[in-house]
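Undergrad: One file: run10.pdb (PDB, C-alpha atoms).
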MODEL        1
ATOM      1  CA  MET F   1     100.077 104.426 121.620
ATOM      2  CA  ILE F   2     102.955 102.036 122.052
ATOM      3  CA  PRO F   3     105.845 101.288 122.012
ATOM      4  CA  GLY F   4     107.186 103.865 124.391
ATOM      5  CA  ASP F   5     109.658 105.440 121.996
ATOM      6  CA  LEU F   6     106.661 106.709 120.012
ATOM      7  CA  ASP F   7     104.383 107.979 122.754
ATOM      8  CA  ASN F   8     106.579 108.191 125.833
ATOM      9  CA  VAL F   9     105.017 105.085 127.355
ATOM     10  CA  PRO F  10     107.256 102.553 129.190
ATOM     11  CA  LYS F  11     107.317  99.708 126.698
ATOM     12  CA  ASN F  12     108.589  97.134 129.202
ATOM     13  CA  GLN F  13     105.012  96.719 130.382
ATOM     14  CA  TYR F  14     104.247  95.123 127.004
ATOM     15  CA  ARG F  15     107.166  92.690 126.899
ATOM     16  CA  HIS F  16     104.798  89.770 127.432
ATOM     17  CA  GLY F  17     102.611  90.921 124.558
ATOM     18  CA  ILE F  18      98.993  91.990 124.713
ATOM     19  CA  PHE F  19      95.763  90.115 125.135
ATOM     20  CA  GLY F  20      93.353  90.124 122.238
ATOM     21  CA  LEU F  21      93.453  92.221 119.116
ATOM     22  CA  LYS F  22      92.346  95.535 120.535
ATOM     23  CA  VAL F  23      95.659  97.262 120.997
ATOM     24  CA  SER F  24      95.138  99.642 123.908
ATOM     25  CA  ALA F  25      97.341 102.561 124.756
ATOM     26  CA  GLY F  26      99.012 103.212 128.045
ATOM     27  CA  SER F  27      99.310 106.620 129.624
ATOM     28  CA  GLN F  28     102.641 108.009 130.722
ATOM     29  CA  ASP F  29     101.989 106.897 134.287
ATOM     30  CA  GLY F  30     101.290 103.351 133.123
ATOM     31  CA  ALA F  31      97.516 103.522 133.462
ATOM     32  CA  ALA F  32      95.192 102.357 130.724
ATOM     33  CA  ALA F  33      94.134 104.935 128.178
ATOM     34  CA  GLY F  34      92.419 104.952 124.785
ATOM     35  CA  GLN F  35      93.139 103.121 121.559
ATOM     36  CA  MET F  36      96.644 102.806 120.259
ATOM     37  CA  LEU F  37      96.095 104.592 116.949
ATOM     38  CA  LYS F  38      94.726 107.956 117.898
ATOM     39  CA  TYR F  39      92.736 110.074 115.467
ATOM     40  CA  ASN F  40      95.317 112.749 114.780
ATOM     41  CA  ALA F  41      94.167 115.354 112.277
ATOM     42  CA  ASN F  42      97.777 116.072 111.349
ATOM     43  CA  GLU F  43      98.632 112.463 110.603
ATOM     44  CA  ASP F  44      98.581 111.568 106.922
ATOM     45  CA  ALA F  45      98.558 108.095 105.376
ATOM     46  CA  GLU F  46     102.339 107.754 105.265
ATOM     47  CA  LYS F  47     102.788 108.757 108.903
ATOM     48  CA  LEU F  48     100.124 106.296 109.996
ATOM     49  CA  ALA F  49     101.677 103.475 107.966
ATOM     50  CA  ARG F  50     105.099 104.171 109.475
ATOM     51  CA  LYS F  51     103.609 104.241 112.960
ATOM     52  CA  ILE F  52     101.845 100.906 112.476
ATOM     53  CA  ASN F  53     105.037  99.375 111.058
ATOM     54  CA  ALA F  54     106.990 100.549 114.107
ATOM     55  CA  ILE F  55     104.422  99.042 116.452
ATOM     56  CA  GLN F  56     104.394  95.785 114.495
ATOM     57  CA  LYS F  57     108.187  95.611 114.586
ATOM     58  CA  TYR F  58     108.162  96.084 118.346
ATOM     59  CA  PHE F  59     105.749  93.237 119.015
ATOM     60  CA  ILE F  60     107.516  90.838 116.666
ATOM     61  CA  GLN F  61     111.093  91.603 117.682
ATOM     62  CA  GLU F  62     110.914  92.738 121.293
ATOM     63  CA  SER F  63     107.910  91.139 122.979
ATOM     64  CA  ARG F  64     108.384  87.736 124.603
ATOM     65  CA  LEU F  65     106.149  85.732 122.269
ATOM     66  CA  GLY F  66     106.713  87.711 119.087
ATOM     67  CA  ILE F  67     103.054  87.581 118.095
ATOM     68  CA  PRO F  68     102.188  90.182 115.447
ATOM     69  CA  ILE F  69      99.242  92.516 115.804
ATOM     70  CA  ILE F  70      96.331  92.997 113.435
ATOM     71  CA  PRO F  71      95.759  96.757 113.090
ATOM     72  CA  PHE F  72      92.054  97.483 112.746
ATOM     73  CA  ASP F  73      89.792 100.451 112.296
ATOM     74  CA  GLU F  74      86.258 101.523 111.457
ATOM     75  CA  ALA F  75      85.353 101.921 107.782
ATOM     76  CA  LEU F  76      81.573 101.944 107.556
ATOM     77  CA  HIS F  77      81.353 104.337 104.610
ATOM     78  CA  GLY F  78      84.971 105.435 104.513
ATOM     79  CA  LEU F  79      88.037 104.849 106.657
ATOM     80  CA  MET F  80      87.954 106.984 109.803
ATOM     81  CA  ARG F  81      91.353 108.543 109.228
ATOM     82  CA  GLU F  82      92.635 111.906 108.107
ATOM     83  CA  GLY F  83      92.653 112.255 104.323
ATOM     84  CA  ALA F  84      90.435 109.231 103.668
ATOM     85  CA  THR F  85      87.369 109.569 101.454
ATOM     86  CA  ALA F  86      83.964 109.821 103.139
ATOM     87  CA  PHE F  87      81.167 108.348 101.037
ATOM     88  CA  SER F  88      77.421 108.363 101.650
ATOM     89  CA  GLN F  89      76.169 106.486 104.691
ATOM     90  CA  SER F  90      75.344 102.805 104.262
ATOM     91  CA  ILE F  91      71.593 103.379 104.106
ATOM     92  CA  GLY F  92      72.160 105.870 101.267
ATOM     93  CA  LEU F  93      74.392 103.511  99.319
ATOM     94  CA  SER F  94      71.836 100.761  99.772
ATOM     95  CA  ALA F  95      69.089 103.045  98.453
ATOM     96  CA  THR F  96      70.823 103.046  95.063
ATOM     97  CA  PHE F  97      69.978  99.338  94.684
ATOM     98  CA  ASN F  98      73.265  99.160  92.799
ATOM     99  CA  PRO F  99      75.682  96.479  94.043
ATOM    100  CA  ASP F 100      78.208  97.369  91.328
ATOM    101  CA  LEU F 101      78.399 100.924  92.644
ATOM    102  CA  MET F 102      78.782  99.565  96.159
ATOM    103  CA  LYS F 103      81.701  97.448  94.987
ATOM    104  CA  GLU F 104      83.384 100.483  93.426
ATOM    105  CA  VAL F 105      82.962 102.471  96.625
ATOM    106  CA  SER F 106      84.184  99.679  98.880
ATOM    107  CA  SER F 107      87.187  99.043  96.630
ATOM    108  CA  VAL F 108      88.309 102.629  97.186
ATOM    109  CA  ILE F 109      87.819 102.326 100.953
ATOM    110  CA  ALA F 110      89.757  99.060 100.957
ATOM    111  CA  ARG F 111      92.696 100.588  99.084
ATOM    112  CA  GLU F 112      92.792 103.590 101.396
ATOM    113  CA  SER F 113      92.753 101.237 104.386
ATOM    114  CA  LYS F 114      95.470  98.958 103.102
ATOM    115  CA  LEU F 115      97.938 101.691 102.165
ATOM    116  CA  ARG F 116      97.743 102.963 105.757
ATOM    117  CA  GLY F 117      98.553  99.530 107.149
ATOM    118  CA  ILE F 118      95.050  98.641 108.342
ATOM    119  CA  ARG F 119      94.451  94.896 108.025
ATOM    120  CA  GLN F 120      91.008  94.494 109.593
ATOM    121  CA  ILE F 121      87.883  96.635 109.536
ATOM    122  CA  LEU F 122      85.031  96.451 112.031
ATOM    123  CA  THR F 123      82.390  96.651 109.331
ATOM    124  CA  PRO F 124      79.887  96.258 107.696
ATOM    125  CA  VAL F 125      76.716  96.467 109.780
ATOM    126  CA  VAL F 126      74.415  93.813 108.336
ATOM    127  CA  ASN F 127      71.774  94.081 111.030
ATOM    128  CA  LEU F 128      68.286  94.726 109.695
ATOM    129  CA  ALA F 129      66.722  98.116 110.382
ATOM    130  CA  SER F 130      63.533  96.705 111.838
ATOM    131  CA  ASP F 131      62.592  99.955 113.596
ATOM    132  CA  VAL F 132      63.341 103.446 112.251
ATOM    133  CA  ARG F 133      63.591 104.721 115.823
ATOM    134  CA  TRP F 134      66.819 102.800 116.219
ATOM    135  CA  GLY F 135      69.714 105.249 116.512
ATOM    136  CA  ARG F 136      71.956 103.179 114.238
ATOM    137  CA  THR F 137      69.559 102.774 111.334
ATOM    138  CA  GLU F 138      71.796 104.818 109.020
ATOM    139  CA  GLU F 139      74.596 102.282 109.493
ATOM    140  CA  THR F 140      72.505  99.492 107.981
ATOM    141  CA  TYR F 141      71.453  98.596 104.456
ATOM    142  CA  GLY F 142      67.779  98.747 105.369
ATOM    143  CA  GLU F 143      65.102  96.352 106.534
ATOM    144  CA  ASP F 144      65.153  93.796 103.719
ATOM    145  CA  PRO F 145      67.258  90.628 104.211
ATOM    146  CA  PHE F 146      67.864  90.175 100.484
ATOM    147  CA  LEU F 147      69.003  93.737  99.786
ATOM    148  CA  THR F 148      71.145  93.753 102.915
ATOM    149  CA  SER F 149      72.762  90.492 101.827
ATOM    150  CA  VAL F 150      73.524  91.697  98.304
ATOM    151  CA  MET F 151      74.960  95.019  99.436
ATOM    152  CA  GLY F 152      76.861  93.399 102.271
ATOM    153  CA  VAL F 153      78.514  90.861  99.984
ATOM    154  CA  SER F 154      79.473  93.596  97.501
ATOM    155  CA  PHE F 155      81.059  95.634 100.291
ATOM    156  CA  ILE F 156      82.830  92.704 101.913
ATOM    157  CA  SER F 157      84.291  91.122  98.781
ATOM    158  CA  SER F 158      86.286  94.247  97.896
ATOM    159  CA  PHE F 159      88.130  94.106 101.213
ATOM    160  CA  GLU F 160      88.638  90.367 101.360
ATOM    161  CA  ASN F 161      89.979  90.370  97.786
ATOM    162  CA  GLN F 162      92.621  92.848  98.940
ATOM    163  CA  GLY F 163      93.541  90.787 101.992
ATOM    164  CA  ILE F 164      91.722  92.882 104.593
ATOM    165  CA  ILE F 165      89.629  91.042 107.177
ATOM    166  CA  THR F 166      86.012  92.159 107.328
ATOM    167  CA  THR F 167      83.897  91.938 110.457
ATOM    168  CA  PRO F 168      80.136  91.895 109.805
ATOM    169  CA  LYS F 169      78.189  92.900 112.885
ATOM    170  CA  HIS F 170      76.364  92.658 115.218
ATOM    171  CA  PHE F 171      75.636  88.941 115.606
ATOM    172  CA  LEU F 172      72.689  88.957 116.161
ATOM    173  CA  ALA F 173      69.757  91.417 115.939
ATOM    174  CA  ASN F 174      71.215  94.328 117.851
ATOM    175  CA  VAL F 175      67.976  96.329 118.072
ATOM    176  CA  GLY F 176      65.059  95.524 120.356
ATOM    177  CA  GLU F 177      61.540  96.759 120.925
ATOM    178  CA  GLY F 178      60.955 100.452 120.426
ATOM    179  CA  GLY F 179      64.179 100.814 118.479
ATOM    180  CA  ARG F 180      66.268 100.443 121.614
ATOM    181  CA  ASP F 181      69.899  99.764 120.820
ATOM    182  CA  SER F 182      71.410  96.596 122.304
ATOM    183  CA  TYR F 183      68.069  95.752 123.885
ATOM    184  CA  PRO F 184      67.079  92.166 124.817
ATOM    185  CA  ILE F 185      65.170  90.347 122.085
ATOM    186  CA  HIS F 186      62.775  87.436 122.357
ATOM    187  CA  TRP F 187      62.143  86.518 118.749
ATOM    188  CA  SER F 188      61.613  82.943 117.654
ATOM    189  CA  LYS F 189      64.386  80.983 115.999
ATOM    190  CA  ARG F 190      62.216  80.583 112.916
ATOM    191  CA  TYR F 191      61.855  84.353 112.582
ATOM    192  CA  LEU F 192      65.601  84.838 113.006
ATOM    193  CA  GLU F 193      66.311  82.130 110.426
ATOM    194  CA  GLU F 194      64.047  83.811 107.875
ATOM    195  CA  THR F 195      65.346  87.340 108.470
ATOM    196  CA  HIS F 196      68.292  88.421 110.606
ATOM    197  CA  LEU F 197      70.530  85.394 110.054
ATOM    198  CA  ILE F 198      70.412  85.560 106.259
ATOM    199  CA  PRO F 199      72.769  88.540 105.721
ATOM    200  CA  PHE F 200      75.378  87.003 108.031
ATOM    201  CA  TYR F 201      75.249  83.651 106.285
ATOM    202  CA  LYS F 202      75.708  85.350 102.916
ATOM    203  CA  ALA F 203      78.552  87.455 104.299
ATOM    204  CA  PHE F 204      80.472  84.297 105.201
ATOM    205  CA  THR F 205      79.594  82.013 102.306
ATOM    206  CA  GLU F 206      79.562  84.519  99.429
ATOM    207  CA  GLY F 207      81.496  87.510 100.721
ATOM    208  CA  LYS F 208      84.112  85.291 102.417
ATOM    209  CA  SER F 209      84.277  87.312 105.620
ATOM    210  CA  ARG F 210      86.856  85.939 108.038
ATOM    211  CA  SER F 211      85.583  87.529 111.228
ATOM    212  CA  VAL F 212      82.342  88.380 112.981
ATOM    213  CA  MET F 213      81.416  90.666 115.856
ATOM    214  CA  THR F 214      78.890  89.608 118.449
ATOM    215  CA  SER F 215      76.124  91.949 119.528
ATOM    216  CA  TYR F 216      75.599  93.604 122.891
ATOM    217  CA  ASN F 217      72.151  92.243 123.582
ATOM    218  CA  LEU F 218      70.514  89.245 125.187
ATOM    219  CA  LEU F 219      68.882  86.612 123.010
ATOM    220  CA  ASP F 220      66.209  84.770 124.953
ATOM    221  CA  GLY F 221      67.893  85.779 128.187
ATOM    222  CA  ARG F 222      71.407  84.733 127.186
ATOM    223  CA  PRO F 223      74.166  87.167 126.165
ATOM    224  CA  SER F 224      74.979  87.021 122.470
ATOM    225  CA  THR F 225      78.660  87.102 123.415
ATOM    226  CA  SER F 226      78.355  83.593 124.873
ATOM    227  CA  ASN F 227      75.188  82.285 123.286
ATOM    228  CA  HIS F 228      75.647  78.585 122.608
ATOM    229  CA  TRP F 229      72.924  78.422 119.966
ATOM    230  CA  LEU F 230      74.379  81.345 118.015
ATOM    231  CA  LEU F 231      78.102  80.711 118.314
ATOM    232  CA  THR F 232      78.312  76.934 118.533
ATOM    233  CA  ASP F 233      75.163  75.359 117.123
ATOM    234  CA  LYS F 234      74.635  77.864 114.333
ATOM    235  CA  LEU F 235      77.983  79.407 113.427
ATOM    236  CA  LYS F 236      80.328  76.518 114.080
ATOM    237  CA  LYS F 237      78.287  73.350 113.609
ATOM    238  CA  GLU F 238      75.454  74.086 111.193
ATOM    239  CA  TRP F 239      77.302  76.625 109.055
ATOM    240  CA  ASP F 240      80.614  74.802 109.517
ATOM    241  CA  LEU F 241      82.462  78.065 110.060
ATOM    242  CA  LEU F 242      85.413  78.709 112.326
ATOM    243  CA  TYR F 243      86.250  82.380 112.213
ATOM    244  CA  LEU F 244      87.866  85.110 114.218
ATOM    245  CA  LEU F 245      85.310  86.154 116.816
ATOM    246  CA  CYS F 246      85.315  89.755 118.021
ATOM    247  CA  LEU F 247      83.370  90.788 121.069
ATOM    248  CA  ALA F 248      81.638  94.122 120.759
ATOM    249  CA  ALA F 249      83.243  96.855 122.814
ATOM    250  CA  ARG F 250      82.065  96.533 126.406
ATOM    251  CA  GLY F 251      79.978  93.539 125.367
ATOM    252  CA  TRP F 252      80.690  92.021 128.774
ATOM    253  CA  LYS F 253      78.088  94.382 130.227
ATOM    254  CA  ALA F 254      75.428  91.983 128.957
ATOM    255  CA  TYR F 255      76.323  89.797 131.941
ATOM    256  CA  LEU F 256      75.502  92.500 134.464
TER     257      LEU F 256
ENDMDL
END
Would you encode the structure as structure tokens?
TA:
Amino acid sequence: MIPGDLDNVPKNQYRHGIFGLKVSAGSQDGAAAGQMLKYNANEDAEKLARKINAIQKYFIQESRLGIPIIPFDEALHGLMREGATAFSQSIGLSATFNPDLMKEVSSVIARESKLRGIRQILTPVVNLASDVRWGRTEETYGEDPFLTSVMGVSFISSFENQGIITTPKHFLANVGEGGRDSYPIHWSKRYLEETHLIPFYKAFTEGKSRSVMTSYNLLDGRPSTSNHWLLTDKLKKEWDLLYLLCLAARGWKAYL
């Protein structure tokens, strides 16, 4: 974690700022390490908020460009921090068929995120669970585009109403044949329009999401992280949306 007066990392190496929004930590010898905000079991909400404020102050006041950071975290069914409430997994919440309950749950998660200083969450997963063999099925709201859309909007709106950026993922169709995660897909555009694209469209137009995360896979042989049809033709031109685009962690491997 940086700056150095918090984690004994030479902060001069960050005087020119950082690239992107993923704030990475540096080790004591200057080498790259893990994420800035480590999962410390002894760190309560107040300590985390103070830590984020100190980091923010450093980048605004001491880095060359003074560009503030956007602290983010995972909050699929509860913020992944000590003392935060863990609710049922997404598939369980979806099984209630109760969007009002989902909104109550997500409102609590949003409040617990905001009081810790988190301003963006890398959720929800609005991919469709098209194969139960997929290892991330429990993160979804099921296989139905309508139910996924309704639950996704209910989840998203609670965060956006409290000023926290939501990041629906993974754009698009992150599960391939046989339930293989991040596997290449070769589905027709018509099929995608009638199924997998619907929850994302609703997330932007009704939930008011301000970010989106690309998927790891290939769509018709082209990486989703740089797929012109998905990101330019669909997202930007047809849907008339210009949002913060997050690449999935290690999404560059799709090029290999």
Undergrad: The PyMOL selection byres ((chain F and resi 103) around 8) - which residues does that actually catch in the file I just gave you? List them as an MDAnalysis selection string.
TA: chainID F and resid 99:102 104:107 154:155 157:158
Undergrad: Take the residues from that selection and put them in a file with C-alpha atoms, as a PDB file, in the coordinates of the input.
TA:
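Output below, filename selection.pdb:
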ATOM      1  CA  PRO F  99      75.682  96.479  94.043  1.00  0.00           C
ATOM      2  CA  ASP F 100      78.208  97.369  91.328  1.00  0.00           C
ATOM      3  CA  LEU F 101      78.399 100.924  92.644  1.00  0.00           C
ATOM      4  CA  MET F 102      78.782  99.565  96.159  1.00  0.00           C
ATOM      5  CA  GLU F 104      83.384 100.483  93.426  1.00  0.00           C
ATOM      6  CA  VAL F 105      82.962 102.471  96.625  1.00  0.00           C
ATOM      7  CA  SER F 106      84.184  99.679  98.880  1.00  0.00           C
ATOM      8  CA  SER F 107      87.187  99.043  96.630  1.00  0.00           C
ATOM      9  CA  SER F 154      79.473  93.596  97.501  1.00  0.00           C
ATOM     10  CA  PHE F 155      81.059  95.634 100.291  1.00  0.00           C
ATOM     11  CA  SER F 157      84.291  91.122  98.781  1.00  0.00           C
ATOM     12  CA  SER F 158      86.286  94.247  97.896  1.00  0.00           C
TER      13      SER F 158
END
Undergrad: Could you check which of F:Gln120, F:Ser94, F:Asn217, F:Thr232 is closest to Asp73 of chain F, using only C-alpha atoms?
TA: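 Counting only C-alpha atoms, the residue closest to Asp73 of chain F is F:Gln120.
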Undergrad: Do you know which residues are at most 7 Å from segment 212-215 of chain F counting only C-alpha atoms, after dropping those on the same chain fewer than 4 positions away, and could you put them as a list in words?
TA: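 Final neighbour list, sorted by chain and number: Thr167, Pro168, Lys169, His170, Phe171, Leu172, Asn174, Ser224, Thr225, Leu244, Leu245, Cys246, Leu247 and Ala248 of chain F.
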Undergrad: Name every residue that the PyMOL selection byres ((chain F and resi 209) around 8) selects in this structure, writing the answer as an mmCIF file with C-alpha atoms, in the coordinates of the input with chains first and numbers rising.
TA:
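What ended up in selection17.cif:
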data_model
loop_
_atom_site.group_PDB
_atom_site.id
_atom_site.type_symbol
_atom_site.label_atom_id
_atom_site.label_comp_id
_atom_site.auth_asym_id
_atom_site.auth_seq_id
_atom_site.Cartn_x
_atom_site.Cartn_y
_atom_site.Cartn_z
ATOM 1 C CA ILE F 156 82.830 92.704 101.913
ATOM 2 C CA SER F 157 84.291 91.122 98.781
ATOM 3 C CA GLU F 160 88.638 90.367 101.360
ATOM 4 C CA ILE F 165 89.629 91.042 107.177
ATOM 5 C CA THR F 166 86.012 92.159 107.328
ATOM 6 C CA THR F 167 83.897 91.938 110.457
ATOM 7 C CA PRO F 168 80.136 91.895 109.805
ATOM 8 C CA ALA F 203 78.552 87.455 104.299
ATOM 9 C CA PHE F 204 80.472 84.297 105.201
ATOM 10 C CA THR F 205 79.594 82.013 102.306
ATOM 11 C CA GLY F 207 81.496 87.510 100.721
ATOM 12 C CA LYS F 208 84.112 85.291 102.417
ATOM 13 C CA ARG F 210 86.856 85.939 108.038
ATOM 14 C CA SER F 211 85.583 87.529 111.228
ATOM 15 C CA VAL F 212 82.342 88.380 112.981
#
Undergrad: Using atom CA of Phe146 of chain F and atom CA of Glu112 of chain F as the two end points, give the distance in Å to one decimal.
TA: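 Computing it gives 28.3 Å between the two atoms.
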Undergrad: Go ahead and compute the interatomic distance for atom CA of Ile198 of chain F and atom CA of Ser149 of chain F, in Å to one decimal.
TA: 7.0 Å
Undergrad: Name the residues captured by the PyMOL selection byres ((chain F and resi 45) around 8) when it is applied to the shown file; answer as number ranges by chain.
TA: F: 43-44, 46-49, 82-83, 115-116
Undergrad: Those same residues - C-alpha atoms - I'd like them written as a PDB file, in the coordinates of the input.
TA:
ATOM      1  CA  GLU F  43      98.632 112.463 110.603  1.00  0.00           C
ATOM      2  CA  ASP F  44      98.581 111.568 106.922  1.00  0.00           C
ATOM      3  CA  GLU F  46     102.339 107.754 105.265  1.00  0.00           C
ATOM      4  CA  LYS F  47     102.788 108.757 108.903  1.00  0.00           C
ATOM      5  CA  LEU F  48     100.124 106.296 109.996  1.00  0.00           C
ATOM      6  CA  ALA F  49     101.677 103.475 107.966  1.00  0.00           C
ATOM      7  CA  GLU F  82      92.635 111.906 108.107  1.00  0.00           C
ATOM      8  CA  GLY F  83      92.653 112.255 104.323  1.00  0.00           C
ATOM      9  CA  LEU F 115      97.938 101.691 102.165  1.00  0.00           C
ATOM     10  CA  ARG F 116      97.743 102.963 105.757  1.00  0.00           C
TER      11      ARG F 116
END
Undergrad: With distances taken over all atoms listed in the file, which residue among F:Tyr243, F:Gly179, F:Lys189, F:Lys51 lies nearest Trp229 of chain F?
TA: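 Closest to Trp229 of chain F, using all atoms listed in the file: F:Lys189.
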Undergrad: Compare F:Leu219, F:Ala129, F:Ile91, F:Ile118 by their minimum atom-to-atom distance to Ile164 of chain F, counting only C-alpha atoms, and give me the closest one.
TA: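 Once distances to Ile164 of chain F are computed over only C-alpha atoms, the minimum belongs to F:Ile118.
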Undergrad: I'd like the neighbourhood of Gly176 of chain F as a ChimeraX atom specification, where a residue qualifies if any of its atoms comes within 9 Å (using all atoms listed in the file), though same-chain residues fewer than 4 positions away should be ignored.
TA: /F:130-131,134,180-186,217
Undergrad: Please dump the current selection as a JSON list (two decimals), in the frame of the given file; keep C-alpha atoms.
TA:
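Output contents, as saved in selection.json:
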[["chain", "number", "residue", "atom", "x", "y", "z"],
["F", 130, "SER", "CA", 63.53, 96.70, 111.84],
["F", 131, "ASP", "CA", 62.59, 99.96, 113.60],
["F", 134, "TRP", "CA", 66.82, 102.80, 116.22],
["F", 180, "ARG", "CA", 66.27, 100.44, 121.61],
["F", 181, "ASP", "CA", 69.90, 99.76, 120.82],
["F", 182, "SER", "CA", 71.41, 96.60, 122.30],
["F", 183, "TYR", "CA", 68.07, 95.75, 123.88],
["F", 184, "PRO", "CA", 67.08, 92.17, 124.82],
["F", 185, "ILE", "CA", 65.17, 90.35, 122.08],
["F", 186, "HIS", "CA", 62.78, 87.44, 122.36],
["F", 217, "ASN", "CA", 72.15, 92.24, 123.58]]
Undergrad: Would you compute the distance between atom CA of Gly135 of chain F and atom CA of Ala95 of chain F? Give it in Å to one decimal.
TA: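 If I compute the distance from atom CA of Gly135 of chain F to atom CA of Ala95 of chain F, I get 18.2 Å.
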Undergrad: Looking at F:Leu197, F:Leu241, F:Val125, F:Ala75, which one is nearest to Met151 of chain F, with distances taken over only C-alpha atoms?
TA: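 Under the stated criterion, the closest residue is F:Val125.
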Undergrad: Do a neighbour search on Leu147 of chain F at 8 Å with all atoms listed in the file, toss out local chain neighbours closer than 5 positions, and write the hits as an NGL selection string.
TA: :F and (94 or 97 or 141-142)
Undergrad: Considering all atoms listed in the file, can you say which of F:Lys57, F:Arg190, F:Lys237, F:Arg111 comes closest to Thr85 of chain F?
TA: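 Closest residue, counting all atoms listed in the file: F:Arg111.
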Undergrad: Would you mind putting N, CA and C atoms back on segment 86-103 of chain F and writing the result as a CSV table (one decimal), keeping the file's coordinate frame?
TA:
chain,number,residue,atom,x,y,z
F,86,ALA,N,85.2,110.1,102.5
F,86,ALA,CA,84.0,109.8,103.1
F,86,ALA,C,82.9,109.7,102.1
F,87,PHE,N,82.3,108.6,102.0
F,87,PHE,CA,81.2,108.3,101.0
F,87,PHE,C,79.8,108.5,101.8
F,88,SER,N,78.8,108.3,101.0
F,88,SER,CA,77.4,108.4,101.6
F,88,SER,C,77.3,107.3,102.7
F,89,GLN,N,76.4,107.5,103.7
F,89,GLN,CA,76.2,106.5,104.7
F,89,GLN,C,75.6,105.2,104.1
F,90,SER,N,75.7,104.1,104.8
F,90,SER,CA,75.3,102.8,104.3
F,90,SER,C,73.9,102.8,103.8
F,91,ILE,N,73.0,103.4,104.5
F,91,ILE,CA,71.6,103.4,104.1
F,91,ILE,C,71.4,104.1,102.8
F,92,GLY,N,72.2,105.1,102.5
F,92,GLY,CA,72.2,105.9,101.3
F,92,GLY,C,72.7,105.1,100.1
F,93,LEU,N,73.8,104.4,100.3
F,93,LEU,CA,74.4,103.5,99.3
F,93,LEU,C,73.4,102.4,99.0
F,94,SER,N,72.8,101.8,100.0
F,94,SER,CA,71.8,100.8,99.8
F,94,SER,C,70.6,101.2,99.0
F,95,ALA,N,70.2,102.5,99.2
F,95,ALA,CA,69.1,103.0,98.5
F,95,ALA,C,69.3,103.2,97.0
F,96,THR,N,70.6,103.0,96.5
F,96,THR,CA,70.8,103.0,95.1
F,96,THR,C,70.4,101.7,94.4
F,97,PHE,N,70.3,100.7,95.2
F,97,PHE,CA,70.0,99.3,94.7
F,97,PHE,C,71.0,98.9,93.6
F,98,ASN,N,72.2,99.4,93.8
F,98,ASN,CA,73.3,99.2,92.8
F,98,ASN,C,74.5,98.5,93.4
F,99,PRO,N,74.6,97.2,93.4
F,99,PRO,CA,75.7,96.5,94.0
F,99,PRO,C,77.0,96.7,93.3
F,100,ASP,N,77.0,97.1,92.0
F,100,ASP,CA,78.2,97.4,91.3
F,100,ASP,C,78.8,98.7,91.8
F,101,LEU,N,77.9,99.7,92.1
F,101,LEU,CA,78.4,100.9,92.6
F,101,LEU,C,79.0,100.7,94.0
F,102,MET,N,78.3,99.9,94.8
F,102,MET,CA,78.8,99.6,96.2
F,102,MET,C,80.2,98.9,96.1
F,103,LYS,N,80.4,98.1,95.1
F,103,LYS,CA,81.7,97.4,95.0
F,103,LYS,C,82.8,98.5,94.6
